[in-house]
>>> print(open('data-v9.txt').read())   # compact mmCIF, C-alpha atoms and all ligand atoms
# COMPACT_ATOMS: atom_id res chain seq x y z
CA MET A 17 13.01 7.76 26.24
CA SER A 18 10.78 5.20 27.89
CA ASP A 19 10.22 1.80 26.34
CA ASP A 20 6.50 2.25 25.82
CA LYS A 21 7.18 4.86 23.15
CA MET A 22 9.30 2.41 21.20
CA MET A 23 7.52 1.14 18.09
CA ILE A 24 10.40 -1.18 17.15
CA ARG A 25 12.85 -2.75 19.56
CA VAL A 26 15.57 -5.12 18.44
CA GLN A 27 17.32 -6.90 21.29
CA GLY A 28 20.47 -8.91 20.75
CA ALA A 29 19.27 -10.03 17.34
CA ALA A 30 21.44 -12.24 15.17
CA LYS A 31 20.77 -13.81 11.80
CA ARG A 32 22.71 -16.77 10.48
CA TYR A 33 22.20 -18.72 7.30
CA LEU A 34 23.45 -22.17 6.54
CA VAL A 35 24.93 -22.17 3.06
CA GLY A 36 25.83 -25.74 2.25
CA THR A 37 27.74 -26.73 5.36
CA VAL A 38 29.01 -23.25 6.11
CA GLU A 39 27.21 -21.03 8.58
CA VAL A 40 27.19 -17.39 7.51
CA GLU A 41 26.52 -14.78 10.15
CA VAL A 42 24.78 -11.86 8.48
CA LEU A 43 23.68 -9.92 11.58
CA ARG A 44 25.15 -10.22 15.06
CA ASP A 45 23.95 -8.78 18.34
CA ILE A 46 21.89 -5.95 16.90
CA ASN A 47 20.38 -3.66 19.52
CA MET A 48 18.26 -0.72 18.55
CA GLY A 49 15.03 1.06 19.23
CA ILE A 50 12.93 3.13 16.89
CA ARG A 51 10.39 5.46 18.43
CA GLU A 52 6.80 5.80 17.35
CA GLY A 53 6.57 8.26 14.46
CA GLU A 54 10.30 8.37 13.88
CA PHE A 55 11.79 8.39 10.36
CA VAL A 56 15.00 6.31 10.31
CA SER A 57 17.35 5.59 7.42
CA VAL A 58 19.40 2.41 7.32
CA MET A 59 22.65 2.66 5.38
CA GLY A 60 25.56 0.32 4.76
CA GLN A 61 27.45 -1.37 1.98
CA SER A 62 25.88 -3.94 -0.25
CA GLY A 63 25.68 -7.19 1.69
CA SER A 64 25.88 -5.48 5.09
CA GLY A 65 22.51 -6.94 6.10
CA LYS A 66 20.10 -4.05 5.54
CA THR A 67 17.41 -6.09 3.80
CA THR A 68 17.88 -8.89 6.32
CA LEU A 69 17.24 -6.41 9.15
CA MET A 70 14.17 -5.02 7.36
CA ASN A 71 12.83 -8.57 6.93
CA LEU A 72 13.22 -9.18 10.67
CA ILE A 73 11.44 -5.94 11.57
CA GLY A 74 8.76 -6.66 8.96
CA MET A 75 8.14 -10.14 10.40
CA LEU A 76 9.04 -11.76 7.07
CA ASP A 77 11.89 -13.61 8.72
CA SER A 78 12.81 -14.51 12.29
CA PRO A 79 16.11 -13.96 14.08
CA SER A 80 18.48 -16.84 14.87
CA ASP A 81 19.05 -15.26 18.29
CA GLY A 82 17.56 -12.40 20.22
CA ASN A 83 14.15 -10.79 20.30
CA ILE A 84 12.17 -8.30 18.31
CA PHE A 85 9.37 -6.26 19.79
CA ILE A 86 6.88 -4.53 17.53
CA ASP A 87 4.63 -2.03 19.26
CA GLY A 88 5.48 -3.68 22.57
CA VAL A 89 4.75 -7.23 21.41
CA ASP A 90 7.53 -9.81 21.31
CA ILE A 91 7.13 -11.34 17.86
CA THR A 92 9.84 -13.91 18.40
CA GLY A 93 8.34 -17.37 18.63
CA LYS A 94 4.94 -16.42 17.25
CA SER A 95 3.42 -18.85 14.78
CA GLN A 96 3.37 -18.12 11.05
CA LYS A 97 -0.38 -17.70 11.26
CA GLU A 98 -0.14 -15.13 14.05
CA LEU A 99 2.60 -13.30 12.17
CA VAL A 100 0.53 -13.03 9.00
CA GLY A 101 -2.28 -11.32 10.89
CA LEU A 102 0.06 -9.09 12.85
CA ARG A 103 1.99 -8.12 9.74
CA ARG A 104 -1.14 -7.26 7.82
CA ARG A 105 -2.33 -4.90 10.53
CA THR A 106 1.00 -3.39 11.44
CA VAL A 107 3.41 -3.10 8.52
CA GLY A 108 3.37 -1.65 5.01
CA PHE A 109 6.16 -2.50 2.56
CA VAL A 110 7.67 -0.51 -0.29
CA PHE A 111 10.36 -1.99 -2.54
CA GLN A 112 12.83 -0.72 -5.09
CA GLN A 113 11.02 -2.41 -7.98
CA PHE A 114 7.46 -1.28 -7.02
CA HIS A 115 6.04 -4.83 -7.41
CA LEU A 116 2.71 -3.66 -8.81
CA ILE A 117 0.47 -6.11 -10.64
CA PRO A 118 0.66 -5.14 -14.35
CA SER A 119 -2.88 -6.19 -15.26
CA LEU A 120 -4.51 -4.17 -12.48
CA THR A 121 -5.23 -0.43 -12.42
CA ALA A 122 -3.67 1.87 -9.83
CA TYR A 123 -6.91 1.72 -7.86
CA GLU A 124 -7.04 -2.08 -7.97
CA ASN A 125 -3.40 -2.39 -6.94
CA VAL A 126 -3.98 -0.15 -3.93
CA ALA A 127 -7.15 -2.08 -3.06
CA LEU A 128 -5.37 -5.46 -2.92
CA PRO A 129 -4.47 -5.47 0.79
CA LEU A 130 -8.12 -4.68 1.63
CA VAL A 131 -9.28 -7.50 -0.64
CA PHE A 132 -6.88 -9.94 1.07
CA ALA A 133 -8.12 -8.78 4.46
CA GLY A 134 -11.74 -9.32 3.41
CA GLU A 135 -12.48 -5.62 3.86
CA LYS A 136 -15.40 -4.51 1.70
CA ASP A 137 -15.27 -0.80 2.45
CA GLN A 138 -12.85 0.61 -0.10
CA ARG A 139 -12.95 4.28 0.87
CA ALA A 140 -9.40 3.91 2.17
CA VAL A 141 -8.25 3.33 -1.44
CA THR A 142 -9.48 6.74 -2.56
CA ASP A 143 -7.89 8.33 0.51
CA ALA A 144 -4.54 6.61 -0.07
CA LEU A 145 -4.44 7.58 -3.75
CA GLU A 146 -5.26 11.16 -2.82
CA ARG A 147 -2.56 11.09 -0.18
CA VAL A 148 0.09 10.31 -2.80
CA GLY A 149 -1.38 12.79 -5.29
CA LEU A 150 -2.60 10.23 -7.80
CA SER A 151 -6.40 10.49 -7.73
CA HIS A 152 -6.30 11.46 -11.40
CA ARG A 153 -4.39 8.31 -12.33
CA ARG A 154 -6.60 5.75 -10.62
CA GLU A 155 -7.64 3.99 -13.82
CA HIS A 156 -4.09 3.77 -15.19
CA LYS A 157 -2.24 0.48 -15.32
CA PRO A 158 1.41 0.41 -14.17
CA ALA A 159 2.74 0.52 -17.76
CA GLU A 160 0.77 3.74 -18.24
CA LEU A 161 2.47 5.42 -15.28
CA SER A 162 5.93 6.94 -14.83
CA GLY A 163 8.39 5.28 -12.44
CA GLY A 164 7.72 7.89 -9.77
CA GLU A 165 3.97 7.45 -10.18
CA GLN A 166 4.33 3.67 -9.92
CA GLN A 167 6.24 4.08 -6.68
CA ARG A 168 3.54 6.42 -5.39
CA VAL A 169 0.93 3.75 -6.17
CA ALA A 170 3.10 1.27 -4.28
CA ILE A 171 3.24 3.67 -1.32
CA ALA A 172 -0.54 4.11 -1.43
CA ARG A 173 -0.88 0.33 -1.36
CA ALA A 174 1.52 0.16 1.59
CA ILE A 175 -0.50 2.68 3.65
CA VAL A 176 -4.02 1.65 2.69
CA MET A 177 -4.37 -0.54 5.81
CA LYS A 178 -3.10 2.37 7.94
CA PRO A 179 -0.04 0.50 9.22
CA LYS A 180 1.90 1.65 12.25
CA ILE A 181 5.16 0.98 10.43
CA LEU A 182 6.18 1.72 6.86
CA LEU A 183 9.26 -0.18 5.64
CA ALA A 184 10.88 1.02 2.43
CA ASP A 185 13.86 -0.92 1.04
CA GLU A 186 15.69 1.37 -1.42
CA PRO A 187 12.45 3.05 -2.53
CA THR A 188 14.33 5.46 -4.80
CA GLY A 189 16.80 2.93 -6.23
CA ALA A 190 15.04 2.74 -9.59
CA LEU A 191 14.27 6.46 -9.88
CA ASP A 192 16.13 9.55 -11.06
CA ALA A 193 17.35 12.07 -8.46
CA THR A 194 14.45 14.52 -8.71
CA THR A 195 11.80 11.82 -8.57
CA GLY A 196 13.71 10.18 -5.72
CA SER A 197 13.59 13.38 -3.65
CA MET A 198 9.88 13.60 -4.25
CA ILE A 199 9.39 10.07 -2.93
CA ILE A 200 11.45 10.92 0.16
CA SER A 201 9.34 14.03 0.78
CA LEU A 202 6.29 11.84 0.62
CA LEU A 203 7.76 9.38 3.15
CA ARG A 204 8.83 12.33 5.31
CA SER A 205 5.24 13.60 5.30
CA MET A 206 4.03 10.21 6.53
CA ALA A 207 6.46 9.98 9.44
CA GLY A 208 4.83 11.13 12.65
CA GLU A 209 1.55 9.45 11.92
CA MET A 210 3.50 6.24 11.27
CA THR A 211 7.02 5.01 11.95
CA VAL A 212 9.09 4.98 8.76
CA VAL A 213 12.22 2.89 8.22
CA MET A 214 13.99 3.31 4.89
CA VAL A 215 17.05 1.66 3.40
CA THR A 216 19.01 3.93 1.10
CA HIS A 217 22.44 4.16 -0.49
CA ASN A 218 22.03 7.88 -0.91
CA ARG A 219 23.38 9.92 1.99
CA GLU A 220 21.78 13.11 0.74
CA LEU A 221 18.36 11.47 0.82
CA ALA A 222 19.11 9.84 4.19
CA LEU A 223 19.67 13.31 5.65
CA HIS A 224 15.93 13.93 5.31
CA SER A 225 15.27 11.33 7.98
CA ASP A 226 15.49 11.93 11.74
CA ARG A 227 18.37 9.54 12.19
CA ILE A 228 20.73 7.28 10.26
CA VAL A 229 21.57 3.75 11.38
CA ASN A 230 24.78 2.49 9.75
CA LEU A 231 25.28 -1.23 9.33
CA LYS A 232 28.78 -2.57 9.03
CA ASP A 233 29.98 -6.18 9.25
CA GLY A 234 26.61 -7.30 10.55
CA ASN A 235 26.40 -4.77 13.32
CA ILE A 236 25.48 -1.15 13.94
CA ALA A 237 28.47 1.10 13.40
CA GLU A 238 28.76 4.12 15.66
N1 LIG B 1 18.69 -16.68 2.32
C1 LIG B 1 20.00 -16.44 2.43
N2 LIG B 1 20.88 -17.44 2.54
C2 LIG B 1 22.19 -17.21 2.68
N3 LIG B 1 22.75 -15.99 2.72
C3 LIG B 1 21.93 -14.95 2.62
C4 LIG B 1 20.52 -15.10 2.47
N4 LIG B 1 19.97 -13.87 2.40
C5 LIG B 1 20.98 -13.01 2.48
N5 LIG B 1 22.16 -13.64 2.62
C6 LIG B 1 23.49 -13.01 2.76
O1 LIG B 1 23.39 -12.05 3.77
C7 LIG B 1 24.16 -10.90 3.48
C8 LIG B 1 23.31 -9.66 3.64
O2 LIG B 1 22.27 -9.65 2.69
P1 LIG B 1 21.25 -8.44 2.59
O3 LIG B 1 20.35 -8.72 1.46
O4 LIG B 1 20.63 -8.21 3.92
O5 LIG B 1 22.23 -7.23 2.25
P2 LIG B 1 21.91 -5.71 1.92
O6 LIG B 1 22.63 -4.87 2.90
O7 LIG B 1 20.45 -5.52 1.81
O8 LIG B 1 22.60 -5.54 0.48
P3 LIG B 1 22.15 -4.66 -0.79
O9 LIG B 1 22.55 -3.25 -0.49
O10 LIG B 1 22.94 -5.24 -1.90
O11 LIG B 1 20.67 -4.83 -0.98
C9 LIG B 1 24.67 -11.10 2.07
O12 LIG B 1 26.04 -11.42 2.15
C10 LIG B 1 23.87 -12.25 1.52
O13 LIG B 1 24.64 -13.03 0.66
MG MG B 2 19.15 -5.04 0.27
>>> encode(input="data-v9.txt", output="structure tokens")
Amino acid sequence: MSDDKMMIRVQGAAKRYLVGTVEVEVLRDINMGIREGEFVSVMGQSGSGKTTLMNLIGMLDSPSDGNIFIDGVDITGKSQKELVGLRRRTVGFVFQQFHLIPSLTAYENVALPLVFAGEKDQRAVTDALERVGLSHRREHKPAELSGGEQQRVAIARAIVMKPKILLADEPTGALDATTGSMIISLLRSMAGEMTVVMVTHNRELALHSDRIVNLKDGNIAE
């Protein structure tokens, strides 16, 4: 597979934190590539560095060593300002706890990234809500939606800017098994048109992805 088809490339990446006077190495010498349109699951024990890796790929954090290329661009050493713009155009995030704004309707929650980007044309909101099967719930506030519906709103919000990469950190962690499978099917249906990276503790759900990356002791286990 040639490099130009790689949407995400992690090269010798390490992440260390200074806790008091002790340096903790969370990730060490991570090397991996994720192809455009691929659906990859990241698994590993609690504390193995999954969220840390997602934060590096999502440009929320920078590596202590090594380089990260997103869609061919080396993001290492870019300024915070550049990263904000790049992140907004390139990455959508989904979290375990949905992180919807309680006082806003489903529609308004999905519209937020467009508002922040100064985009007036909100047709993408209707499209995104339709995409997750929630057109009929657009006026509902989060408290008036089921957990699965709230996560679908969060997914609609994550895709409304048409990102190249969708990052989902334990997207089914707060949902029952049936609802969880539905969310995975939805992510599955989005792979191909975007690159999807999901953290999960559930091997059965991970099997729906194209590939599983296992993290162990800060590195990729074979
Ligand atoms: N800001 C930080 N400062 C110091 N240590 C940190 C920091 N963030 C994370 N860590 C440590 O890094 C390790 C990996 O954390 P991370 O959140 O990536 O794990 P994880 O695999 O996502 O775990 P979980 O499955 O519980 O979500 C943990 O041991 C954690 O204590
Ligand atoms: Mg985590």
>>> residues_around(input="data-v9.txt", residues="segment 160-167 of chain A", least_positions_apart="2", cutoff="12 Å", atoms="only C-alpha atoms", output="PDB file with C-alpha atoms, in the coordinates of the input")
ATOM      1  CA  PHE A 109       6.160  -2.500   2.560  1.00  0.00           C
ATOM      2  CA  VAL A 110       7.670  -0.510  -0.290  1.00  0.00           C
ATOM      3  CA  PHE A 111      10.360  -1.990  -2.540  1.00  0.00           C
ATOM      4  CA  GLN A 112      12.830  -0.720  -5.090  1.00  0.00           C
ATOM      5  CA  GLN A 113      11.020  -2.410  -7.980  1.00  0.00           C
ATOM      6  CA  PHE A 114       7.460  -1.280  -7.020  1.00  0.00           C
ATOM      7  CA  HIS A 115       6.040  -4.830  -7.410  1.00  0.00           C
ATOM      8  CA  LEU A 116       2.710  -3.660  -8.810  1.00  0.00           C
ATOM      9  CA  ILE A 117       0.470  -6.110 -10.640  1.00  0.00           C
ATOM     10  CA  PRO A 118       0.660  -5.140 -14.350  1.00  0.00           C
ATOM     11  CA  SER A 119      -2.880  -6.190 -15.260  1.00  0.00           C
ATOM     12  CA  LEU A 120      -4.510  -4.170 -12.480  1.00  0.00           C
ATOM     13  CA  THR A 121      -5.230  -0.430 -12.420  1.00  0.00           C
ATOM     14  CA  ALA A 122      -3.670   1.870  -9.830  1.00  0.00           C
ATOM     15  CA  TYR A 123      -6.910   1.720  -7.860  1.00  0.00           C
ATOM     16  CA  ASN A 125      -3.400  -2.390  -6.940  1.00  0.00           C
ATOM     17  CA  VAL A 126      -3.980  -0.150  -3.930  1.00  0.00           C
ATOM     18  CA  LEU A 145      -4.440   7.580  -3.750  1.00  0.00           C
ATOM     19  CA  VAL A 148       0.090  10.310  -2.800  1.00  0.00           C
ATOM     20  CA  GLY A 149      -1.380  12.790  -5.290  1.00  0.00           C
ATOM     21  CA  LEU A 150      -2.600  10.230  -7.800  1.00  0.00           C
ATOM     22  CA  SER A 151      -6.400  10.490  -7.730  1.00  0.00           C
ATOM     23  CA  HIS A 152      -6.300  11.460 -11.400  1.00  0.00           C
ATOM     24  CA  ARG A 153      -4.390   8.310 -12.330  1.00  0.00           C
ATOM     25  CA  ARG A 154      -6.600   5.750 -10.620  1.00  0.00           C
ATOM     26  CA  GLU A 155      -7.640   3.990 -13.820  1.00  0.00           C
ATOM     27  CA  HIS A 156      -4.090   3.770 -15.190  1.00  0.00           C
ATOM     28  CA  LYS A 157      -2.240   0.480 -15.320  1.00  0.00           C
ATOM     29  CA  PRO A 158       1.410   0.410 -14.170  1.00  0.00           C
ATOM     30  CA  VAL A 169       0.930   3.750  -6.170  1.00  0.00           C
ATOM     31  CA  ALA A 170       3.100   1.270  -4.280  1.00  0.00           C
ATOM     32  CA  ILE A 171       3.240   3.670  -1.320  1.00  0.00           C
ATOM     33  CA  ALA A 172      -0.540   4.110  -1.430  1.00  0.00           C
ATOM     34  CA  ARG A 173      -0.880   0.330  -1.360  1.00  0.00           C
ATOM     35  CA  ALA A 174       1.520   0.160   1.590  1.00  0.00           C
ATOM     36  CA  ALA A 184      10.880   1.020   2.430  1.00  0.00           C
ATOM     37  CA  ASP A 185      13.860  -0.920   1.040  1.00  0.00           C
ATOM     38  CA  GLU A 186      15.690   1.370  -1.420  1.00  0.00           C
ATOM     39  CA  PRO A 187      12.450   3.050  -2.530  1.00  0.00           C
ATOM     40  CA  THR A 188      14.330   5.460  -4.800  1.00  0.00           C
ATOM     41  CA  GLY A 189      16.800   2.930  -6.230  1.00  0.00           C
ATOM     42  CA  ALA A 190      15.040   2.740  -9.590  1.00  0.00           C
ATOM     43  CA  LEU A 191      14.270   6.460  -9.880  1.00  0.00           C
ATOM     44  CA  ASP A 192      16.130   9.550 -11.060  1.00  0.00           C
ATOM     45  CA  ALA A 193      17.350  12.070  -8.460  1.00  0.00           C
ATOM     46  CA  THR A 194      14.450  14.520  -8.710  1.00  0.00           C
ATOM     47  CA  THR A 195      11.800  11.820  -8.570  1.00  0.00           C
ATOM     48  CA  GLY A 196      13.710  10.180  -5.720  1.00  0.00           C
ATOM     49  CA  SER A 197      13.590  13.380  -3.650  1.00  0.00           C
ATOM     50  CA  MET A 198       9.880  13.600  -4.250  1.00  0.00           C
ATOM     51  CA  ILE A 199       9.390  10.070  -2.930  1.00  0.00           C
ATOM     52  CA  ILE A 200      11.450  10.920   0.160  1.00  0.00           C
ATOM     53  CA  LEU A 202       6.290  11.840   0.620  1.00  0.00           C
ATOM     54  CA  LEU A 203       7.760   9.380   3.150  1.00  0.00           C
TER      55      LEU A 203
END
>>> atom_distance(input="data-v9.txt", atom1="atom CA of Gln61 of chain A", atom2="atom N1 of ligand LIG 1 (chain B)")
17.6 Å
>>> residues_near_ligand(input="data-v9.txt", ligand="ligand MG 2 (chain B)", cutoff="10 Å", atoms="only C-alpha atoms and all ligand atoms", output="list in words")
Met59, Gly60, Gln61, Ser62, Gly63, Ser64, Gly65, Lys66, Thr67, Thr68, Leu69, Met70, Asn71, Phe111, Gln112, Asp185, Glu186, Val215, Thr216 and His217 of chain A
>>> atom_distance(input="data-v9.txt", atom1="atom CA of Val26 of chain A", atom2="atom CA of Asn83 of chain A")
6.1 Å
>>> atom_distance(input="data-v9.txt", atom1="atom CA of Val176 of chain A", atom2="atom CA of Leu130 of chain A")
7.6 Å
